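Trainee: Sharing start-v3.cif (mmCIF, C-alpha atoms) below.
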data_query
#
loop_
_atom_site.group_PDB
_atom_site.id
_atom_site.type_symbol
_atom_site.label_atom_id
_atom_site.label_comp_id
_atom_site.auth_asym_id
_atom_site.auth_seq_id
_atom_site.Cartn_x
_atom_site.Cartn_y
_atom_site.Cartn_z
ATOM 1 C CA MET O 121 9.217 -8.500 -15.146
ATOM 2 C CA LYS O 122 12.778 -7.667 -16.092
ATOM 3 C CA ALA O 123 14.368 -4.232 -16.144
ATOM 4 C CA TYR O 124 14.107 -2.366 -19.454
ATOM 5 C CA LEU O 125 15.185 0.904 -21.067
ATOM 6 C CA ILE O 126 12.968 3.984 -21.241
ATOM 7 C CA PRO O 127 13.646 7.442 -22.752
ATOM 8 C CA ALA O 128 15.459 9.766 -20.346
ATOM 9 C CA GLU O 129 14.258 12.880 -22.162
ATOM 10 C CA THR O 130 12.473 14.066 -25.325
ATOM 11 C CA VAL O 131 14.378 14.344 -28.612
ATOM 12 C CA GLU O 132 13.605 15.941 -31.965
ATOM 13 C CA PHE O 133 15.045 15.154 -35.398
ATOM 14 C CA SER O 134 14.179 17.079 -38.566
ATOM 15 C CA GLU O 135 15.018 16.380 -42.201
ATOM 16 C CA GLU O 136 13.819 17.436 -45.656
ATOM 17 C CA ILE O 137 13.146 14.783 -48.300
ATOM 18 C CA LYS O 138 12.079 15.939 -51.787
ATOM 19 C CA LYS O 139 10.782 19.221 -50.361
ATOM 20 C CA SER O 140 8.684 17.481 -47.690
ATOM 21 C CA ARG O 141 9.730 18.276 -44.115
ATOM 22 C CA PHE O 142 9.640 15.427 -41.589
ATOM 23 C CA ILE O 143 9.999 16.296 -37.893
ATOM 24 C CA THR O 144 10.331 13.296 -35.559
ATOM 25 C CA PHE O 145 9.687 13.538 -31.835
ATOM 26 C CA ILE O 146 10.357 10.754 -29.331
ATOM 27 C CA ALA O 147 9.298 10.981 -25.678
ATOM 28 C CA HIS O 148 8.823 8.942 -22.525
ATOM 29 C CA THR O 149 5.127 8.085 -22.047
ATOM 30 C CA GLU O 150 4.030 5.700 -19.315
ATOM 31 C CA GLY O 151 0.764 4.052 -20.361
ATOM 32 C CA ILE O 152 -1.583 4.480 -23.319
ATOM 33 C CA ASP O 153 -3.326 7.575 -21.912
ATOM 34 C CA SER O 154 0.014 9.329 -21.542
ATOM 35 C CA ALA O 155 1.017 8.313 -25.096
ATOM 36 C CA LYS O 156 -2.233 9.668 -26.549
ATOM 37 C CA ALA O 157 -1.901 12.905 -24.586
ATOM 38 C CA TYR O 158 1.623 13.390 -25.963
ATOM 39 C CA ILE O 159 0.451 12.746 -29.546
ATOM 40 C CA GLN O 160 -2.323 15.312 -29.058
ATOM 41 C CA SER O 161 0.156 17.876 -27.737
ATOM 42 C CA ILE O 162 2.273 17.528 -30.901
ATOM 43 C CA LYS O 163 -0.831 17.893 -33.103
ATOM 44 C CA GLU O 164 -1.691 21.107 -31.268
ATOM 45 C CA GLN O 165 1.888 22.335 -31.637
ATOM 46 C CA PHE O 166 1.830 21.797 -35.431
ATOM 47 C CA PRO O 167 -1.828 22.267 -36.441
ATOM 48 C CA ASP O 168 -0.977 23.235 -40.025
ATOM 49 C CA ALA O 169 1.027 20.074 -40.836
ATOM 50 C CA ARG O 170 -0.410 17.669 -43.426
ATOM 51 C CA HIS O 171 0.136 14.520 -41.326
ATOM 52 C CA HIS O 172 0.873 13.624 -37.702
ATOM 53 C CA CYS O 173 1.810 9.931 -37.877
ATOM 54 C CA TRP O 174 2.713 8.044 -34.733
ATOM 55 C CA ALA O 175 3.440 4.812 -32.902
ATOM 56 C CA PHE O 176 3.932 3.864 -29.288
ATOM 57 C CA VAL O 177 5.129 1.089 -27.009
ATOM 58 C CA ALA O 178 3.310 2.394 -23.943
ATOM 59 C CA GLY O 179 4.250 -0.304 -21.427
ATOM 60 C CA ARG O 180 6.955 -2.943 -21.113
ATOM 61 C CA PRO O 181 8.702 -3.782 -24.412
ATOM 62 C CA ASP O 182 7.145 -7.281 -24.373
ATOM 63 C CA ASP O 183 3.581 -6.104 -23.616
ATOM 64 C CA SER O 184 1.790 -6.306 -26.976
ATOM 65 C CA GLN O 185 -1.416 -5.016 -25.343
ATOM 66 C CA GLN O 186 0.119 -1.538 -25.124
ATOM 67 C CA LEU O 187 1.211 -1.011 -28.736
ATOM 68 C CA GLY O 188 -0.413 1.449 -31.123
ATOM 69 C CA PHE O 189 0.248 3.197 -34.450
ATOM 70 C CA SER O 190 -1.447 5.424 -37.028
ATOM 71 C CA ASP O 191 -0.811 6.397 -40.671
ATOM 72 C CA ASP O 192 -2.924 9.562 -40.173
ATOM 73 C CA GLY O 193 -4.011 9.814 -43.801
ATOM 74 C CA GLU O 194 -0.843 8.489 -45.433
ATOM 75 C CA PRO O 195 -1.318 5.347 -47.592
ATOM 76 C CA THR O 196 -1.963 2.299 -45.372
ATOM 77 C CA GLY O 197 1.213 0.746 -44.006
ATOM 78 C CA THR O 198 3.548 3.570 -45.071
ATOM 79 C CA ALA O 199 3.884 5.467 -41.770
ATOM 80 C CA GLY O 200 2.573 3.915 -38.544
ATOM 81 C CA LYS O 201 4.226 0.516 -38.929
ATOM 82 C CA PRO O 202 7.553 1.926 -40.187
ATOM 83 C CA ILE O 203 7.559 4.196 -37.094
ATOM 84 C CA LEU O 204 6.706 1.297 -34.770
ATOM 85 C CA ALA O 205 9.322 -1.120 -36.171
ATOM 86 C CA PRO O 206 12.443 0.742 -34.922
ATOM 87 C CA LEU O 207 10.767 1.350 -31.550
ATOM 88 C CA LEU O 208 10.226 -2.400 -31.152
ATOM 89 C CA GLY O 209 13.744 -3.076 -32.419
ATOM 90 C CA SER O 210 15.211 -0.766 -29.766
ATOM 91 C CA GLY O 211 13.892 -2.980 -26.944
ATOM 92 C CA MET O 212 12.644 0.170 -25.226
ATOM 93 C CA GLY O 213 9.410 0.563 -23.279
ATOM 94 C CA GLU O 214 7.144 3.513 -22.397
ATOM 95 C CA VAL O 215 8.084 5.327 -25.599
ATOM 96 C CA THR O 216 6.090 7.297 -28.191
ATOM 97 C CA ALA O 217 7.262 8.589 -31.567
ATOM 98 C CA VAL O 218 5.338 11.218 -33.551
ATOM 99 C CA VAL O 219 6.411 12.248 -37.056
ATOM 100 C CA VAL O 220 5.032 15.551 -38.330
ATOM 101 C CA ARG O 221 5.038 15.958 -42.123
ATOM 102 C CA TYR O 222 4.775 19.157 -44.094
ATOM 103 C CA PHE O 223 4.059 18.139 -47.708
ATOM 104 C CA GLY O 224 6.383 19.774 -50.244
ATOM 105 C CA GLY O 225 4.413 19.046 -53.408
ATOM 106 C CA ILE O 226 6.429 16.054 -54.623
ATOM 107 C CA LYS O 227 4.965 12.601 -53.988
ATOM 108 C CA LEU O 228 7.418 10.113 -52.500
ATOM 109 C CA GLY O 229 5.585 6.896 -53.389
ATOM 110 C CA THR O 230 4.855 4.150 -50.895
ATOM 111 C CA GLY O 231 8.476 2.940 -50.710
ATOM 112 C CA GLY O 232 9.740 6.471 -50.235
ATOM 113 C CA LEU O 233 7.267 7.123 -47.440
ATOM 114 C CA VAL O 234 8.192 3.906 -45.622
ATOM 115 C CA ARG O 235 11.876 4.875 -45.801
ATOM 116 C CA ALA O 236 11.242 8.477 -44.740
ATOM 117 C CA TYR O 237 9.147 7.656 -41.690
ATOM 118 C CA GLY O 238 11.326 4.736 -40.598
ATOM 119 C CA SER O 239 14.577 6.616 -41.136
ATOM 120 C CA GLY O 240 13.440 9.639 -39.127
ATOM 121 C CA VAL O 241 12.694 7.461 -36.105
ATOM 122 C CA GLN O 242 15.997 5.560 -36.467
ATOM 123 C CA GLN O 243 17.925 8.858 -36.546
ATOM 124 C CA ALA O 244 16.014 10.226 -33.544
ATOM 125 C CA LEU O 245 16.666 7.023 -31.563
ATOM 126 C CA LYS O 246 20.417 7.554 -32.069
ATOM 127 C CA LEU O 247 20.087 10.915 -30.307
ATOM 128 C CA LEU O 248 17.907 9.597 -27.486
ATOM 129 C CA PRO O 249 19.414 9.232 -23.990
ATOM 130 C CA THR O 250 17.925 6.299 -22.079
ATOM 131 C CA LYS O 251 17.717 5.081 -18.498
ATOM 132 C CA THR O 252 16.865 1.718 -16.975
ATOM 133 C CA LYS O 253 13.493 1.130 -15.352
ATOM 134 C CA VAL O 254 13.325 -1.620 -12.750
ATOM 135 C CA PRO O 255 9.697 -2.785 -12.377
ATOM 136 C CA GLN O 256 8.558 -2.726 -8.748
ATOM 137 C CA LEU O 257 5.920 -4.766 -6.917
ATOM 138 C CA ARG O 258 4.220 -3.843 -3.632
ATOM 139 C CA PHE O 259 3.731 -6.250 -0.756
ATOM 140 C CA SER O 260 2.331 -6.303 2.762
ATOM 141 C CA VAL O 261 4.188 -8.254 5.439
ATOM 142 C CA ALA O 262 3.572 -8.721 9.181
ATOM 143 C CA CYS O 263 6.762 -8.779 11.249
ATOM 144 C CA GLU O 264 7.455 -9.591 14.895
ATOM 145 C CA TYR O 265 9.059 -6.677 16.769
ATOM 146 C CA SER O 266 12.127 -8.796 17.520
ATOM 147 C CA LEU O 267 12.741 -9.318 13.780
ATOM 148 C CA VAL O 268 12.337 -5.737 12.556
ATOM 149 C CA SER O 269 16.070 -5.020 12.221
ATOM 150 C CA LEU O 270 16.671 -8.277 10.319
ATOM 151 C CA PHE O 271 13.681 -7.514 8.087
ATOM 152 C CA GLU O 272 15.063 -4.050 7.309
ATOM 153 C CA GLN O 273 18.480 -5.509 6.455
ATOM 154 C CA VAL O 274 16.933 -7.912 3.927
ATOM 155 C CA VAL O 275 14.836 -5.167 2.321
ATOM 156 C CA GLU O 276 17.876 -2.888 2.029
ATOM 157 C CA GLN O 277 20.048 -5.695 0.644
ATOM 158 C CA TYR O 278 17.637 -6.143 -2.279
ATOM 159 C CA HIS O 279 17.114 -2.405 -2.882
ATOM 160 C CA GLY O 280 13.546 -2.430 -1.596
ATOM 161 C CA GLN O 281 11.748 0.445 0.065
ATOM 162 C CA VAL O 282 9.401 0.539 3.069
ATOM 163 C CA LEU O 283 6.395 2.655 2.046
ATOM 164 C CA SER O 284 4.500 2.582 5.349
ATOM 165 C CA SER O 285 4.354 0.795 8.705
ATOM 166 C CA GLU O 286 1.571 0.112 11.194
ATOM 167 C CA TYR O 287 2.275 -0.897 14.803
ATOM 168 C CA THR O 288 -0.136 -3.262 16.581
ATOM 169 C CA ASP O 289 0.761 -6.607 18.169
ATOM 170 C CA LYS O 290 3.152 -6.894 15.188
ATOM 171 C CA VAL O 291 4.534 -4.377 12.726
ATOM 172 C CA THR O 292 2.767 -4.473 9.348
ATOM 173 C CA PHE O 293 4.946 -3.063 6.590
ATOM 174 C CA ILE O 294 3.951 -2.035 3.078
ATOM 175 C CA LEU O 295 7.032 -2.328 0.913
ATOM 176 C CA SER O 296 8.085 -1.947 -2.690
ATOM 177 C CA LEU O 297 10.553 -4.453 -4.141
ATOM 178 C CA PRO O 298 12.232 -4.864 -7.525
ATOM 179 C CA ALA O 299 10.077 -7.526 -9.200
ATOM 180 C CA VAL O 300 13.111 -9.618 -10.151
ATOM 181 C CA HIS O 301 14.129 -9.975 -6.477
ATOM 182 C CA SER O 302 10.743 -10.583 -4.840
ATOM 183 C CA GLY O 303 11.138 -14.375 -4.848
ATOM 184 C CA GLU O 304 14.562 -14.204 -3.173
ATOM 185 C CA VAL O 305 13.291 -11.758 -0.549
ATOM 186 C CA GLU O 306 10.370 -14.033 0.255
ATOM 187 C CA VAL O 307 12.706 -16.979 0.852
ATOM 188 C CA LYS O 308 15.027 -14.892 3.057
ATOM 189 C CA LEU O 309 12.174 -13.533 5.182
ATOM 190 C CA ARG O 310 10.701 -16.995 5.592
ATOM 191 C CA ASP O 311 14.103 -18.308 6.709
ATOM 192 C CA ILE O 312 14.785 -15.621 9.315
ATOM 193 C CA SER O 313 11.250 -15.864 10.744
ATOM 194 C CA ARG O 314 10.863 -19.666 10.569
ATOM 195 C CA GLY O 315 7.978 -19.227 8.172
ATOM 196 C CA SER O 316 5.972 -16.563 10.027
ATOM 197 C CA MET O 317 6.837 -13.697 7.658
ATOM 198 C CA GLN O 318 5.088 -13.903 4.289
ATOM 199 C CA LEU O 319 4.929 -11.436 1.433
ATOM 200 C CA ILE O 320 1.326 -10.694 0.492
ATOM 201 C CA PRO O 321 1.144 -9.175 -3.036
ATOM 202 C CA LEU O 322 -0.760 -5.910 -3.338
ATOM 203 C CA ASP O 323 -0.469 -5.575 -7.127
ATOM 204 C CA LYS O 324 -2.386 -7.597 -9.678
ATOM 205 C CA ASN O 325 -0.326 -10.118 -11.588
ATOM 206 C CA GLU O 326 0.678 -8.695 -14.922
#
Since I need it in another form, could you write the structure as structure tokens?

Mentor:
Amino acid sequence: MKAYLIPAETVEFSEEIKKSRFITFIAHTEGIDSAKAYIQSIKEQFPDARHHCWAFVAGRPDDSQQLGFSDDGEPTGTAGKPILAPLLGSGMGEVTAVVVRYFGGIKLGTGGLVRAYGSGVQQALKLLPTKTKVPQLRFSVACEYSLVSLFEQVVEQYHGQVLSSEYTDKVTFILSLPAVHSGEVEVKLRDISRGSMQLIPLDKNE
């Protein structure tokens, strides 16, 4: 679960090709439900457009279970896949692109459509600011009172965050850690506690 880029904001790119108007929108959408909701919002914003073609990479860039695309009435393979290809090529995650087309009366042909839809997304991606998302995992860990300060130092060192704490005969912490560091943190905690501190995962393995 490595860090990956996500959109930092929504961008729009518009161009006219042989009297047809193509308006490309790209936005951050975390998860398939969010992607579908965004697509629906664009359809409602432009109800009179001929086509609302789209594609999304709704999760991590390498999670093929969260990909989707639609030609929305354009000839098969001329819109959805050409929109998806530059998204995949960008290495970005949690991203949705919707291309709204107003037909201008001149047919572009299958090759022309592929170029138009793909080019719009490529141009919009050039305008898109991004930020890095560091996947987090949640753990529970029981800590002796005498080791709390050492525990907190380790968590801080690896940019983790204590989400909650419960005080009984020990202190039970719920913490969030960058996924890439969880193995190192586990080793450190085991070392300082002579094996008594163990990270218990609270998230399902992805």

Trainee: Compile a residue-level contact table for stretch 145-185 of chain O against stretch 243-263 of chain O at a cut-off of 10 Å, reporting for every qualifying residue the shortest atom pair and its distance in Å to one decimal, with only C-alpha atoms counted, rows ordered by chain and ascending number, as CSV.

Mentor:
residue,atom,partner,partner_atom,distance
O:Phe145,CA,O:Ala244,CA,7.3
O:Ile146,CA,O:Ala244,CA,7.1
O:Ala147,CA,O:Leu248,CA,8.9
O:His148,CA,O:Thr250,CA,9.5
O:Arg180,CA,O:Pro255,CA,9.2

Trainee: Starting from the displayed file, determine the output of the PyMOL selection byres ((chain O and resi 201-204) around 7) and express the residue list as an NGL selection string.

Mentor: :O and (174-176 or 189 or 197-200 or 205-208 or 234 or 237-238 or 241)

Trainee: Within 8 Å of stretch 218-233 of chain O, counting all atoms listed in the file, which residues qualify if same-chain residues fewer than 2 places away don't, as a JSON list (two decimals) with C-alpha atoms, keeping the file's coordinate frame?

Mentor:
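Output (out_33.json):
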[["chain", "number", "residue", "atom", "x", "y", "z"],
["O", 138, "LYS", "CA", 12.08, 15.94, -51.79],
["O", 139, "LYS", "CA", 10.78, 19.22, -50.36],
["O", 140, "SER", "CA", 8.68, 17.48, -47.69],
["O", 141, "ARG", "CA", 9.73, 18.28, -44.12],
["O", 142, "PHE", "CA", 9.64, 15.43, -41.59],
["O", 143, "ILE", "CA", 10.00, 16.30, -37.89],
["O", 144, "THR", "CA", 10.33, 13.30, -35.56],
["O", 145, "PHE", "CA", 9.69, 13.54, -31.84],
["O", 146, "ILE", "CA", 10.36, 10.75, -29.33],
["O", 159, "ILE", "CA", 0.45, 12.75, -29.55],
["O", 162, "ILE", "CA", 2.27, 17.53, -30.90],
["O", 166, "PHE", "CA", 1.83, 21.80, -35.43],
["O", 169, "ALA", "CA", 1.03, 20.07, -40.84],
["O", 170, "ARG", "CA", -0.41, 17.67, -43.43],
["O", 171, "HIS", "CA", 0.14, 14.52, -41.33],
["O", 172, "HIS", "CA", 0.87, 13.62, -37.70],
["O", 173, "CYS", "CA", 1.81, 9.93, -37.88],
["O", 174, "TRP", "CA", 2.71, 8.04, -34.73],
["O", 175, "ALA", "CA", 3.44, 4.81, -32.90],
["O", 195, "PRO", "CA", -1.32, 5.35, -47.59],
["O", 198, "THR", "CA", 3.55, 3.57, -45.07],
["O", 199, "ALA", "CA", 3.88, 5.47, -41.77],
["O", 216, "THR", "CA", 6.09, 7.30, -28.19],
["O", 235, "ARG", "CA", 11.88, 4.88, -45.80],
["O", 236, "ALA", "CA", 11.24, 8.48, -44.74],
["O", 237, "TYR", "CA", 9.15, 7.66, -41.69],
["O", 240, "GLY", "CA", 13.44, 9.64, -39.13],
["O", 241, "VAL", "CA", 12.69, 7.46, -36.10]]

Trainee: Around stretch 180-185 of chain O, with edges along x, y and z and 8 Å added on all six sides, what centre and edge lengths do you get, in Å to one decimal, as lines of an AutoDock Vina configuration file?

Mentor:
center_x = 3.6
center_y = -5.1
center_z = -24.0
size_x = 26.1
size_y = 20.3
size_z = 21.9

Trainee: So what does the PyMOL selection byres ((chain O and resi 264-281) around 12) actually pick up in this one, as a ChimeraX atom specification?

Mentor: /O:254-263,282-319

Trainee: Could you list, as JSON, numbers by chain, every residue within 10 Å of O:Val177, counting only C-alpha atoms and ignoring same-chain residues fewer than 3 positions away?

Mentor: {"O": [148, 149, 150, 151, 152, 155, 180, 181, 182, 183, 184, 185, 186, 187, 188, 189, 204, 207, 208, 211, 212, 213, 214, 215, 216, 217]}

Trainee: Can you work out the spacing between atom CA of O:Gln242 and atom CA of O:Ala178 in Å, to one decimal?

Mentor: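 About the pair atom CA of O:Gln242 and atom CA of O:Ala178: they are 18.1 Å apart.
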
Trainee: If you measure from atom CA of O:Val131 to atom CA of O:Ser210, what distance in Å do you get, rounded to one decimal?

Mentor: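 So the answer is 15.2 Å.
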
Trainee: Figure out the distance between atom CA of O:Glu129 and atom CA of O:Glu194, please, to one decimal in Å.

Mentor: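 Computed distance, atom CA of O:Glu194 to atom CA of O:Glu129, equals 28.1 Å.
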